[in-house]
>>> print(open('query.cif').read())   # mmCIF, C-alpha atoms and all ligand atoms
data_protein
#
loop_
_atom_site.label_atom_id
_atom_site.label_comp_id
_atom_site.auth_asym_id
_atom_site.auth_seq_id
_atom_site.Cartn_x
_atom_site.Cartn_y
_atom_site.Cartn_z
CA MET A 1 -17.97 17.61 9.20
CA GLY A 2 -18.48 19.20 5.81
CA GLU A 3 -14.92 19.45 4.60
CA VAL A 4 -11.69 17.55 5.15
CA ARG A 5 -8.89 19.90 4.21
CA VAL A 6 -5.91 17.89 3.00
CA GLY A 7 -2.21 18.67 3.09
CA LEU A 8 -0.32 16.23 0.86
CA VAL A 9 3.44 15.78 0.94
CA GLY A 10 5.04 14.16 -2.13
CA TYR A 11 3.59 14.67 -5.56
CA SER A 12 5.03 12.07 -7.86
CA PHE A 13 3.57 8.57 -8.47
CA MET A 14 1.53 8.17 -5.28
CA GLY A 15 0.99 11.92 -4.93
CA ARG A 16 -0.79 11.84 -8.28
CA ALA A 17 -2.81 8.73 -7.36
CA HIS A 18 -3.94 10.31 -4.07
CA SER A 19 -4.66 13.71 -5.64
CA ASN A 20 -6.86 12.04 -8.24
CA ALA A 21 -8.68 10.11 -5.50
CA TYR A 22 -9.51 13.28 -3.53
CA ARG A 23 -10.80 14.90 -6.71
CA GLN A 24 -12.92 11.93 -7.77
CA VAL A 25 -14.35 10.74 -4.47
CA PRO A 26 -17.23 13.27 -4.16
CA PHE A 27 -18.39 12.36 -7.66
CA TYR A 28 -18.49 8.61 -7.07
CA PHE A 29 -19.36 8.63 -3.36
CA PRO A 30 -21.98 11.41 -3.20
CA GLU A 31 -23.43 9.91 -0.02
CA ILE A 32 -20.30 10.78 1.99
CA GLU A 33 -20.94 14.11 3.68
CA SER A 34 -17.29 15.05 4.11
CA LYS A 35 -15.79 16.46 0.95
CA PRO A 36 -12.02 16.62 0.60
CA VAL A 37 -10.48 20.00 -0.14
CA LEU A 38 -7.11 19.89 -1.89
CA GLN A 39 -5.77 22.60 0.42
CA ALA A 40 -1.99 22.48 0.19
CA LEU A 41 0.63 20.43 -1.64
CA CYS A 42 4.06 20.19 -0.05
CA GLY A 43 7.40 19.63 -1.77
CA ARG A 44 10.93 20.87 -1.36
CA ASN A 45 11.39 22.51 -4.73
CA GLU A 46 9.18 25.57 -5.06
CA ALA A 47 8.96 25.68 -8.86
CA ALA A 48 8.28 21.94 -9.10
CA VAL A 49 5.66 21.91 -6.35
CA GLN A 50 3.93 24.96 -7.88
CA ALA A 51 3.76 23.20 -11.23
CA ALA A 52 2.46 19.98 -9.67
CA ALA A 53 -0.14 21.87 -7.63
CA ALA A 54 -1.40 23.66 -10.75
CA ALA A 55 -1.56 20.41 -12.73
CA MET A 56 -3.37 18.44 -10.01
CA GLY A 57 -5.71 21.12 -8.68
CA TRP A 58 -4.20 22.02 -5.30
CA GLU A 59 -5.12 25.43 -3.91
CA ASP A 60 -1.83 26.30 -2.26
CA VAL A 61 1.74 25.04 -1.79
CA GLU A 62 4.26 24.73 1.01
CA THR A 63 7.96 24.02 0.68
CA ASP A 64 8.45 23.12 4.32
CA PHE A 65 6.66 20.23 6.07
CA GLU A 66 6.76 22.06 9.42
CA ALA A 67 4.90 24.97 7.83
CA LEU A 68 2.35 22.53 6.38
CA ILE A 69 1.49 20.98 9.73
CA ALA A 70 1.48 24.37 11.48
CA ARG A 71 -1.44 25.53 9.32
CA ASP A 72 -4.81 25.58 11.04
CA ASP A 73 -6.64 25.15 7.74
CA ILE A 74 -5.45 21.52 7.35
CA ASP A 75 -7.33 18.56 8.88
CA LEU A 76 -5.54 15.61 7.27
CA ILE A 77 -1.88 15.07 6.42
CA ASP A 78 -1.26 12.64 3.57
CA ILE A 79 2.30 11.27 3.37
CA ALA A 80 3.32 10.09 -0.12
CA THR A 81 7.09 10.41 0.19
CA PRO A 82 9.80 7.73 0.24
CA ASN A 83 9.76 5.45 3.28
CA ASN A 84 12.56 6.98 5.37
CA VAL A 85 10.52 10.07 6.29
CA HIS A 86 7.09 8.47 6.82
CA VAL A 87 7.30 8.02 10.57
CA ALA A 88 8.89 11.35 11.47
CA MET A 89 6.23 13.10 9.40
CA ALA A 90 3.39 10.99 10.79
CA ILE A 91 4.45 11.67 14.38
CA LYS A 92 4.73 15.42 13.79
CA ALA A 93 1.40 15.53 12.01
CA ALA A 94 -0.32 13.62 14.83
CA GLN A 95 1.25 15.86 17.46
CA ALA A 96 -0.11 18.84 15.53
CA GLY A 97 -3.58 17.28 15.85
CA LYS A 98 -3.92 16.23 12.21
CA HIS A 99 -5.41 12.97 10.99
CA VAL A 100 -2.76 10.93 9.15
CA PHE A 101 -2.95 8.91 5.94
CA CYS A 102 0.42 7.33 5.14
CA GLU A 103 1.79 5.35 2.24
CA LYS A 104 3.16 1.87 2.82
CA PRO A 105 5.35 0.52 4.27
CA LEU A 106 4.52 2.62 7.33
CA ALA A 107 8.08 2.51 8.66
CA MET A 108 11.69 1.50 8.12
CA ASN A 109 11.47 -1.06 10.93
CA LEU A 110 9.20 -2.39 13.67
CA ALA A 111 10.45 -0.05 16.40
CA GLU A 112 9.64 2.96 14.21
CA ALA A 113 6.20 1.58 13.32
CA ARG A 114 5.40 1.19 17.01
CA GLN A 115 6.47 4.80 17.66
CA ALA A 116 4.13 5.98 14.92
CA LEU A 117 1.25 3.95 16.38
CA ALA A 118 1.93 5.33 19.87
CA ALA A 119 1.93 8.89 18.53
CA VAL A 120 -1.39 8.66 16.66
CA GLU A 121 -3.03 6.89 19.60
CA ALA A 122 -1.73 9.51 22.07
CA ALA A 123 -2.99 12.31 19.82
CA GLY A 124 -6.37 10.64 19.29
CA VAL A 125 -6.30 11.28 15.54
CA VAL A 126 -7.61 9.04 12.78
CA HIS A 127 -4.90 7.04 11.00
CA MET A 128 -4.74 4.78 7.96
CA VAL A 129 -2.08 3.20 5.76
CA CYS A 130 -2.53 3.02 2.00
CA HIS A 131 -2.68 -0.68 1.23
CA ASN A 132 -5.10 0.15 -1.56
CA TYR A 133 -5.35 -3.38 -2.98
CA ARG A 134 -7.69 -4.38 -0.17
CA ARG A 135 -10.23 -2.13 -1.84
CA ALA A 136 -10.20 -3.64 -5.30
CA PRO A 137 -13.82 -4.89 -5.36
CA ALA A 138 -12.73 -8.45 -6.25
CA VAL A 139 -10.35 -8.53 -3.25
CA SER A 140 -13.03 -7.21 -0.90
CA LEU A 141 -15.37 -9.85 -2.36
CA ALA A 142 -12.74 -12.48 -1.50
CA LYS A 143 -12.73 -11.18 2.07
CA GLN A 144 -16.54 -11.35 2.21
CA MET A 145 -16.56 -14.92 0.84
CA ILE A 146 -13.96 -16.09 3.35
CA ALA A 147 -15.84 -14.40 6.21
CA ASP A 148 -19.09 -16.03 5.03
CA GLY A 149 -17.42 -19.45 5.10
CA ALA A 150 -17.48 -20.06 1.34
CA LEU A 151 -13.96 -21.47 1.51
CA GLY A 152 -14.40 -23.33 4.79
CA THR A 153 -11.28 -23.83 6.89
CA ILE A 154 -8.34 -22.04 5.28
CA TYR A 155 -5.37 -24.32 4.53
CA HIS A 156 -3.11 -22.30 2.20
CA TRP A 157 -2.09 -18.73 1.31
CA ARG A 158 0.02 -18.57 -1.86
CA SER A 159 1.11 -15.22 -3.28
CA GLN A 160 3.42 -13.74 -5.87
CA TYR A 161 4.05 -10.05 -6.45
CA LEU A 162 6.16 -9.80 -9.60
CA GLN A 163 7.57 -6.82 -11.48
CA ASP A 164 10.48 -6.38 -13.90
CA TRP A 165 11.25 -2.64 -13.99
CA MET A 166 14.62 -2.79 -12.20
CA MET A 167 16.28 -5.49 -14.27
CA ASP A 168 18.48 -3.26 -16.43
CA PRO A 169 21.85 -3.12 -14.59
CA GLU A 170 22.38 0.36 -16.05
CA MET A 171 19.29 1.69 -14.33
CA PRO A 172 20.51 4.22 -11.73
CA ALA A 173 20.33 3.61 -7.99
CA VAL A 174 16.97 5.32 -7.46
CA TRP A 175 15.68 5.62 -3.90
CA ARG A 176 14.03 2.19 -4.07
CA ALA A 177 17.54 0.69 -4.50
CA GLN A 178 18.89 2.35 -1.34
CA LYS A 179 18.38 0.86 2.10
CA ALA A 180 18.83 4.21 3.85
CA VAL A 181 15.81 5.61 2.02
CA ALA A 182 13.67 2.55 1.22
CA GLY A 183 14.46 0.34 4.24
CA SER A 184 14.37 -2.74 2.03
CA GLY A 185 13.79 -3.69 -1.60
CA ALA A 186 11.09 -5.96 -3.00
CA LEU A 187 10.40 -6.93 0.62
CA GLY A 188 8.97 -3.60 1.83
CA ASP A 189 7.89 -2.41 -1.58
CA LEU A 190 5.95 -5.45 -2.82
CA LEU A 191 5.84 -8.22 -0.21
CA ALA A 192 4.40 -5.67 2.27
CA HIS A 193 1.23 -5.56 0.14
CA SER A 194 0.99 -9.37 0.04
CA ILE A 195 1.55 -9.60 3.80
CA ASP A 196 -1.18 -7.02 4.39
CA LEU A 197 -3.58 -9.08 2.27
CA ALA A 198 -2.52 -12.35 3.91
CA LEU A 199 -3.07 -10.95 7.41
CA TRP A 200 -6.47 -9.60 6.38
CA LEU A 201 -7.72 -12.62 4.46
CA VAL A 202 -6.16 -15.49 6.44
CA GLY A 203 -5.06 -14.13 9.83
CA ASP A 204 -2.00 -13.52 11.99
CA ILE A 205 1.36 -14.95 10.93
CA GLU A 206 3.36 -16.59 13.72
CA ARG A 207 6.67 -17.35 11.99
CA VAL A 208 8.43 -17.11 8.67
CA CYS A 209 11.36 -18.70 6.88
CA CYS A 210 12.71 -16.31 4.32
CA ASP A 211 15.55 -15.74 1.89
CA MET A 212 16.36 -12.85 -0.40
CA GLU A 213 18.94 -11.83 -2.97
CA THR A 214 20.33 -8.73 -4.64
CA PHE A 215 20.88 -9.76 -8.25
CA VAL A 216 22.44 -6.49 -9.47
CA LYS A 217 24.90 -5.56 -6.77
CA GLU A 218 25.90 -2.10 -7.97
CA ARG A 219 24.25 0.53 -10.12
CA PRO A 220 25.16 3.90 -11.63
CA ALA A 221 24.87 6.67 -9.07
CA LEU A 222 21.82 8.85 -9.41
CA GLY A 223 23.57 12.11 -10.13
CA GLY A 224 23.95 14.39 -7.14
CA VAL A 225 20.62 16.21 -7.25
CA ASP A 226 18.81 15.34 -4.12
CA ALA A 227 20.30 14.55 -0.73
CA THR A 228 17.10 13.03 0.65
CA LEU A 229 16.85 10.65 -2.25
CA GLY A 230 20.36 9.52 -1.39
CA ALA A 231 21.84 10.81 -4.61
CA THR A 232 25.61 10.90 -4.98
CA ALA A 233 28.09 12.64 -7.23
CA GLY A 234 27.17 10.75 -10.38
CA GLY A 235 29.62 11.04 -13.27
CA GLY A 236 29.67 7.33 -14.15
CA GLU A 237 30.39 6.29 -10.59
CA LYS A 238 28.73 3.06 -9.35
CA VAL A 239 27.11 2.66 -5.95
CA LYS A 240 26.38 -0.50 -4.00
CA VAL A 241 22.78 -1.74 -4.03
CA ASP A 242 22.03 -2.67 -0.43
CA VAL A 243 18.42 -3.82 -0.77
CA ASP A 244 16.93 -7.11 -1.97
CA ASP A 245 15.83 -7.52 -5.59
CA GLY A 246 13.83 -10.66 -4.84
CA VAL A 247 12.43 -12.36 -1.75
CA VAL A 248 10.82 -15.74 -1.03
CA ALA A 249 9.17 -16.72 2.24
CA LEU A 250 7.32 -19.56 3.91
CA ALA A 251 4.78 -18.55 6.53
CA ARG A 252 2.95 -20.31 9.35
CA PHE A 253 -0.38 -18.73 10.31
CA ALA A 254 -1.77 -18.80 13.85
CA ASN A 255 -4.87 -20.65 12.61
CA GLY A 256 -2.73 -23.48 11.21
CA ALA A 257 -2.72 -22.37 7.57
CA LEU A 258 0.49 -22.58 5.56
CA GLY A 259 1.72 -19.74 3.38
CA THR A 260 4.20 -19.20 0.58
CA MET A 261 5.00 -15.69 -0.60
CA GLU A 262 7.29 -14.36 -3.28
CA ALA A 263 8.08 -10.82 -4.42
CA THR A 264 10.58 -9.66 -7.01
CA ARG A 265 11.43 -6.87 -9.41
CA PHE A 266 13.28 -9.38 -11.58
CA ALA A 267 10.49 -11.39 -13.25
CA PRO A 268 10.70 -10.51 -16.97
CA GLY A 269 7.32 -9.83 -18.50
CA HIS A 270 5.52 -9.29 -15.21
CA LYS A 271 4.68 -5.61 -14.77
CA ASN A 272 2.48 -5.50 -11.69
CA TYR A 273 1.52 -9.13 -11.18
CA ASN A 274 0.03 -9.01 -7.68
CA TRP A 275 -1.42 -12.50 -7.47
CA PHE A 276 -2.71 -14.67 -4.66
CA GLU A 277 -4.55 -17.93 -4.13
CA VAL A 278 -6.36 -19.11 -1.02
CA ASN A 279 -7.32 -22.78 -0.59
CA GLY A 280 -9.84 -23.91 2.00
CA SER A 281 -11.73 -27.05 2.90
CA LYS A 282 -14.68 -26.05 0.69
CA GLY A 283 -13.03 -24.26 -2.20
CA SER A 284 -10.41 -21.90 -3.58
CA ILE A 285 -10.14 -18.33 -4.84
CA ILE A 286 -7.53 -16.73 -7.10
CA PHE A 287 -6.91 -13.01 -7.69
CA ASN A 288 -4.52 -11.31 -10.11
CA LEU A 289 -4.28 -7.51 -10.10
CA GLU A 290 -3.52 -7.51 -13.82
CA ARG A 291 -7.11 -8.80 -14.25
CA MET A 292 -8.40 -6.90 -11.25
CA ASN A 293 -12.12 -7.03 -12.02
CA GLU A 294 -12.12 -10.83 -11.86
CA LEU A 295 -12.11 -13.34 -9.03
CA GLU A 296 -11.66 -17.01 -9.82
CA TYR A 297 -13.64 -19.32 -7.56
CA TYR A 298 -13.74 -23.09 -7.24
CA SER A 299 -16.50 -24.56 -5.13
CA GLY A 300 -16.18 -28.08 -3.83
CA ASP A 301 -20.01 -28.16 -3.67
CA ASP A 302 -20.36 -28.18 -7.46
CA GLU A 303 -21.56 -31.59 -8.60
CA GLY A 304 -22.32 -33.71 -11.62
CA GLY A 305 -19.01 -33.45 -13.40
CA LEU A 306 -19.29 -29.65 -13.58
CA GLN A 307 -16.53 -28.90 -11.12
CA GLY A 308 -14.02 -26.27 -12.16
CA PHE A 309 -12.88 -22.72 -11.54
CA ARG A 310 -15.45 -20.11 -12.54
CA THR A 311 -14.60 -16.47 -13.21
CA ILE A 312 -16.70 -13.97 -11.28
CA GLN A 313 -16.78 -10.52 -12.88
CA ALA A 314 -16.73 -8.39 -9.73
CA THR A 315 -18.49 -5.50 -11.44
CA GLU A 316 -22.08 -5.91 -10.20
CA GLU A 317 -23.87 -3.54 -7.83
CA VAL A 318 -23.94 -6.31 -5.22
CA HIS A 319 -20.15 -6.40 -5.13
CA PRO A 320 -18.16 -4.32 -2.60
CA PHE A 321 -17.80 -0.61 -3.46
CA LEU A 322 -19.89 -0.92 -6.63
CA GLY A 323 -23.43 -0.16 -5.46
CA LEU A 324 -24.85 3.14 -4.20
CA PRO A 325 -26.71 2.92 -0.86
CA ASP A 326 -30.08 3.75 -2.46
CA GLY A 327 -29.57 1.42 -5.42
CA GLY A 328 -27.87 1.84 -8.74
CA GLY A 329 -24.26 1.50 -9.74
CA ARG A 330 -21.53 3.67 -8.26
CA TYR A 331 -19.19 3.50 -11.21
CA TRP A 332 -20.38 1.89 -14.46
CA PRO A 333 -22.85 -0.82 -15.56
CA PRO A 334 -21.83 -4.47 -14.96
CA GLY A 335 -18.91 -5.57 -17.08
CA HIS A 336 -17.80 -1.95 -17.65
CA ILE A 337 -14.63 -2.43 -15.75
CA ILE A 338 -12.82 -0.17 -13.29
CA GLY A 339 -9.07 0.27 -12.84
CA TYR A 340 -6.08 0.91 -10.61
CA GLU A 341 -7.10 4.45 -9.66
CA HIS A 342 -10.43 3.24 -8.29
CA THR A 343 -8.63 1.32 -5.53
CA PHE A 344 -7.38 4.68 -4.25
CA ILE A 345 -10.80 6.34 -4.63
CA ASN A 346 -12.37 3.51 -2.59
CA THR A 347 -9.62 3.79 0.02
CA VAL A 348 -10.04 7.56 0.38
CA ALA A 349 -13.82 7.09 0.62
CA ASP A 350 -13.37 4.83 3.65
CA LEU A 351 -10.83 7.25 5.11
CA LEU A 352 -13.36 10.12 4.90
CA VAL A 353 -16.03 7.99 6.57
CA GLY A 354 -13.48 7.07 9.25
CA ILE A 355 -12.75 10.74 9.90
CA GLU A 356 -16.51 11.44 10.14
CA LYS A 357 -16.91 8.68 12.71
CA GLY A 358 -13.61 9.25 14.52
CA GLU A 359 -12.56 5.67 13.73
CA SER A 360 -9.34 4.62 12.03
CA PRO A 361 -10.18 2.44 9.02
CA ALA A 362 -8.18 -0.72 8.43
CA PRO A 363 -5.43 -1.06 7.61
CA ASN A 364 -4.56 1.51 10.26
CA PHE A 365 -1.26 1.96 12.06
CA ALA A 366 -2.02 -0.99 14.38
CA ASP A 367 -2.46 -3.22 11.32
CA ALA A 368 0.70 -1.76 9.81
CA VAL A 369 2.66 -2.65 12.96
CA LYS A 370 1.66 -6.27 12.36
CA THR A 371 2.78 -6.08 8.73
CA GLN A 372 6.04 -4.47 9.82
CA ALA A 373 6.59 -7.26 12.37
CA VAL A 374 6.34 -9.83 9.57
CA LEU A 375 8.71 -7.81 7.38
CA GLU A 376 11.18 -7.64 10.23
CA ALA A 377 10.90 -11.37 10.90
CA CYS A 378 11.58 -11.97 7.18
CA GLU A 379 14.76 -9.90 7.40
CA GLY A 380 15.83 -11.68 10.58
CA SER A 381 15.21 -15.08 9.01
CA ALA A 382 17.12 -14.20 5.84
CA ASP A 383 20.06 -12.88 7.88
CA ALA A 384 20.29 -15.77 10.34
CA GLY A 385 18.90 -18.61 8.24
CA GLY A 386 15.98 -20.74 9.38
CA TRP A 387 12.65 -19.82 10.87
CA ALA A 388 12.04 -16.54 12.72
CA GLU A 389 9.20 -15.79 15.13
CA VAL A 390 7.01 -12.78 14.32
CA GLU A 391 6.88 -10.38 17.24
CA THR A 392 3.36 -9.68 18.46
CA ALA A 393 2.18 -6.08 18.68
N1 LIG A 401 0.05 1.96 -2.37
C1 LIG A 401 0.77 1.58 -3.40
O1 LIG A 401 0.41 0.69 -4.14
C2 LIG A 401 2.09 2.25 -3.67
C3 LIG A 401 2.61 2.31 -4.97
C4 LIG A 401 3.80 3.00 -5.17
C5 LIG A 401 4.45 3.59 -4.09
N2 LIG A 401 3.94 3.48 -2.84
C6 LIG A 401 4.62 4.11 -1.69
O2 LIG A 401 4.39 5.53 -1.81
C7 LIG A 401 5.54 6.23 -1.33
C8 LIG A 401 6.03 7.15 -2.44
O3 LIG A 401 6.34 6.37 -3.56
P1 LIG A 401 6.29 6.98 -5.04
O4 LIG A 401 6.29 5.85 -5.98
O5 LIG A 401 5.21 8.00 -5.12
O6 LIG A 401 7.70 7.70 -5.07
P2 LIG A 401 8.18 8.83 -6.07
O7 LIG A 401 9.66 8.80 -6.07
O8 LIG A 401 7.42 8.72 -7.36
O9 LIG A 401 7.68 10.18 -5.34
C9 LIG A 401 8.19 10.58 -4.10
C10 LIG A 401 7.81 12.03 -3.84
O10 LIG A 401 8.29 12.40 -2.53
C11 LIG A 401 9.07 13.61 -2.63
N3 LIG A 401 10.06 13.56 -1.55
C12 LIG A 401 11.12 12.75 -1.43
N4 LIG A 401 11.75 12.97 -0.26
C13 LIG A 401 11.05 13.95 0.36
C14 LIG A 401 11.22 14.64 1.60
N5 LIG A 401 12.22 14.35 2.42
N6 LIG A 401 10.33 15.60 1.92
C15 LIG A 401 9.33 15.92 1.08
N7 LIG A 401 9.12 15.29 -0.10
C16 LIG A 401 9.98 14.33 -0.45
C17 LIG A 401 9.65 13.56 -4.03
O11 LIG A 401 10.04 14.84 -4.45
C18 LIG A 401 8.43 13.01 -4.82
O12 LIG A 401 7.49 14.04 -5.08
C19 LIG A 401 6.54 5.17 -0.91
O13 LIG A 401 6.43 4.97 0.46
C20 LIG A 401 6.10 3.92 -1.64
O14 LIG A 401 6.45 2.73 -0.99
C21 LIG A 401 2.77 2.84 -2.62
#
>>> encode(input="query.cif", output="structure tokens")
Amino acid sequence: MGEVRVGLVGYSFMGRAHSNAYRQVPFYFPEIESKPVLQALCGRNEAAVQAAAAAMGWEDVETDFEALIARDDIDLIDIATPNNVHVAMAIKAAQAGKHVFCEKPLAMNLAEARQALAAVEAAGVVHMVCHNYRRAPAVSLAKQMIADGALGTIYHWRSQYLQDWMMDPEMPAVWRAQKAVAGSGALGDLLAHSIDLALWLVGDIERVCCDMETFVKERPALGGVDATLGATAGGGEKVKVDVDDGVVALARFANGALGTMEATRFAPGHKNYNWFEVNGSKGSIIFNLERMNELEYYSGDDEGGLQGFRTIQATEEVHPFLGLPDGGGRYWPPGHIIGYEHTFINTVADLLVGIEKGESPAPNFADAVKTQAVLEACEGSADAGGWAEVETA
């Protein structure tokens, strides 16, 4: 296949990140035969979507999702909208024979996630969910090291995903503060990423014990602009916040490892602190997205009083995503670091290869069902108190 013609819905934060990835991927991944075409950008407001399309390099616009998926010049539908419309859009796109790339969390709940998986499998299309942090080179290196046995038997997963952008009680009730649109708060927004990484790096989670809290219980209404975003009349009125601001969870993995996970939007000073540590019988690794080119590694094999964590700069050609197949660096020379946007470029690169091969790259909708099952168990545990079993796919 020479071209993958993309129809993207949603053009704000993630819409920009994905648009940039489609534009950059042929430059950095010249070996991939399929080249994305930024065919059509979809949004509900014609003037706004026109402006966004012009700014980001899209060839055409649509103001109606049904019209987008009805087009026969679109191969891939990319869903970068709030969570409440992911599954309906994914199912329609699959039924129209389009490959589907969807932002996380895939669904509002486990039942919905399973419906989405059934639809893409029935349609035989390629599917993927955008847990882009897997494709930070240092995180992929962690995966490689664990698979190669560098850490031995895994004993612990420990993660924190900390932000502070919602702390001001006068901040309006944006869609991320509304259960009807977001499904949950820090749980689905942030902990979903940590769960995806935990499942990938350590393995299946069998049960969780979770609690969560909404620290700011009401917020100014958004202002009556946008029904889908859940906006209300505004005018100084306050609306109830019905999602969690912070969540803590214990986890039991099927392989016997123990996990602790925390996610919050109420950790002053932490902007996008996506951190995890894995301890095994032979060593430990630590990753922090705010220093995303580095992986800390402790090897129990070090001897002679030289034991200690070392910092690996994951910027060498031998590291995942950083070398070209015929030699040479994909991005920049060692130590010339890459950033947040490259995680999306790497993700889209694997998506294009998946479409070429007719294989759904991980994390695909089946992986996302597992993540959603853990999210749902967390909610069940927090509601009922005590441990909750994670449903199997
Ligand atoms: N992978 C990541 O690290 C990451 C980071 C941020 C957000 N996300 C996810 O990406 C998705 C979008 O988040 P965002 O931060 O870009 O949100 P955003 O509010 O910045 O943008 C949402 C976009 O969707 C559009 N939209 C809203 N409802 C719509 C509808 N019914 N039909 C068509 N368009 C609609 C809005 O106009 C806007 O363009 C969410 O699912 C979120 O969880 C993922």
>>> residues_near_point(input="query.cif", point="(-20.8, 5.4, -15.1)", cutoff="12 Å", atoms="only C-alpha atoms", output="VMD selection string")
chain A and resid 27 to 28 315 317 322 to 324 328 to 338
>>> closest_atom_pairs(input="query.cif", of="chain A", to="ligand LIG 401 (chain A)", cutoff="8 Å", atoms="only C-alpha atoms and all ligand atoms", output="CSV")
residue,atom,partner,partner_atom,distance
A:Val9,CA,A:LIG401,N7,5.8
A:Gly10,CA,A:LIG401,O10,3.7
A:Tyr11,CA,A:LIG401,O12,4.0
A:Ser12,CA,A:LIG401,O9,4.1
A:Phe13,CA,A:LIG401,O5,3.8
A:Met14,CA,A:LIG401,O5,3.7
A:Gly15,CA,A:LIG401,O5,5.8
A:Arg16,CA,A:LIG401,O5,7.8
A:Cys42,CA,A:LIG401,C15,6.9
A:Gly43,CA,A:LIG401,N7,5.0
A:Arg44,CA,A:LIG401,C15,5.7
A:Asn45,CA,A:LIG401,O11,7.8
A:Asp64,CA,A:LIG401,C15,7.9
A:Phe65,CA,A:LIG401,C15,7.1
A:Ile79,CA,A:LIG401,C7,7.6
A:Ala80,CA,A:LIG401,C7,4.6
A:Thr81,CA,A:LIG401,O10,3.6
A:Pro82,CA,A:LIG401,C19,4.3
A:Asn83,CA,A:LIG401,O13,4.4
A:Asn84,CA,A:LIG401,N5,7.9
A:Val85,CA,A:LIG401,N5,6.0
A:His86,CA,A:LIG401,O13,7.3
A:Cys102,CA,A:LIG401,O13,8.0
A:Glu103,CA,A:LIG401,O2,4.8
A:Lys104,CA,A:LIG401,O13,5.1
A:Pro105,CA,A:LIG401,O14,5.8
A:Leu106,CA,A:LIG401,O13,7.5
A:Cys130,CA,A:LIG401,N1,5.2
A:His131,CA,A:LIG401,N1,5.2
A:Asn132,CA,A:LIG401,N1,5.5
A:Tyr133,CA,A:LIG401,O1,7.1
A:Trp175,CA,A:LIG401,O7,7.1
A:Ala182,CA,A:LIG401,O14,7.6
A:Gly188,CA,A:LIG401,O14,7.4
A:Asp189,CA,A:LIG401,O14,5.4
A:His193,CA,A:LIG401,O1,7.6
A:Thr228,CA,A:LIG401,N5,5.4
A:Leu229,CA,A:LIG401,N4,5.9
>>> atom_distance(input="query.cif", atom1="atom CA of Gly152 of chain A", atom2="atom CA of Gly259 of chain A")
16.6 Å
>>> atom_distance(input="query.cif", atom1="atom CA of Arg134 of chain A", atom2="atom CA of Ile69 of chain A")
28.7 Å
>>> residues_near_point(input="query.cif", point="(4.8, -7.4, 10.1)", cutoff="9 Å", atoms="all atoms listed in the file", output="ChimeraX atom specification")
/A:110,192,195-196,205,367-378,390-392
>>> atom_distance(input="query.cif", atom1="atom CA of Ile345 of chain A", atom2="atom CA of Met128 of chain A")
14.1 Å
>>> residues_around(input="query.cif", residues="Leu289 of chain A", least_positions_apart="2", cutoff="8 Å", atoms="only C-alpha atoms", output="list in words")
Asn272, Tyr273, Asn274, Trp275, Phe287, Arg291 and Met292 of chain A
>>> build_atoms(input="query.cif", residues="segment 149-160 of chain A", atoms="N, CA and C atoms", output="compact mmCIF listing (two decimals), in the frame of the given file")
# COMPACT_ATOMS: atom_id res chain seq x y z
N GLY A 149 -17.68 -18.01 5.02
CA GLY A 149 -17.42 -19.45 5.10
C GLY A 149 -17.41 -20.17 3.76
N ALA A 150 -17.42 -19.42 2.66
CA ALA A 150 -17.48 -20.06 1.34
C ALA A 150 -16.27 -20.97 1.09
N LEU A 151 -15.16 -20.65 1.73
CA LEU A 151 -13.96 -21.47 1.51
C LEU A 151 -13.74 -22.48 2.64
N GLY A 152 -14.57 -22.42 3.66
CA GLY A 152 -14.40 -23.33 4.79
C GLY A 152 -13.17 -22.99 5.61
N THR A 153 -12.52 -24.03 6.12
CA THR A 153 -11.28 -23.83 6.89
C THR A 153 -10.15 -23.50 5.92
N ILE A 154 -9.41 -22.45 6.21
CA ILE A 154 -8.34 -22.04 5.28
C ILE A 154 -7.09 -22.88 5.52
N TYR A 155 -6.57 -23.48 4.44
CA TYR A 155 -5.37 -24.32 4.53
C TYR A 155 -4.12 -23.62 3.98
N HIS A 156 -4.29 -22.86 2.88
CA HIS A 156 -3.11 -22.30 2.20
C HIS A 156 -3.30 -20.85 1.78
N TRP A 157 -2.25 -20.05 1.96
CA TRP A 157 -2.09 -18.73 1.31
C TRP A 157 -0.89 -18.87 0.37
N ARG A 158 -1.06 -18.46 -0.87
CA ARG A 158 0.02 -18.57 -1.86
C ARG A 158 0.03 -17.26 -2.62
N SER A 159 1.13 -16.51 -2.57
CA SER A 159 1.11 -15.22 -3.28
C SER A 159 2.41 -14.96 -4.02
N GLN A 160 2.26 -14.21 -5.10
CA GLN A 160 3.42 -13.74 -5.87
C GLN A 160 3.17 -12.29 -6.23
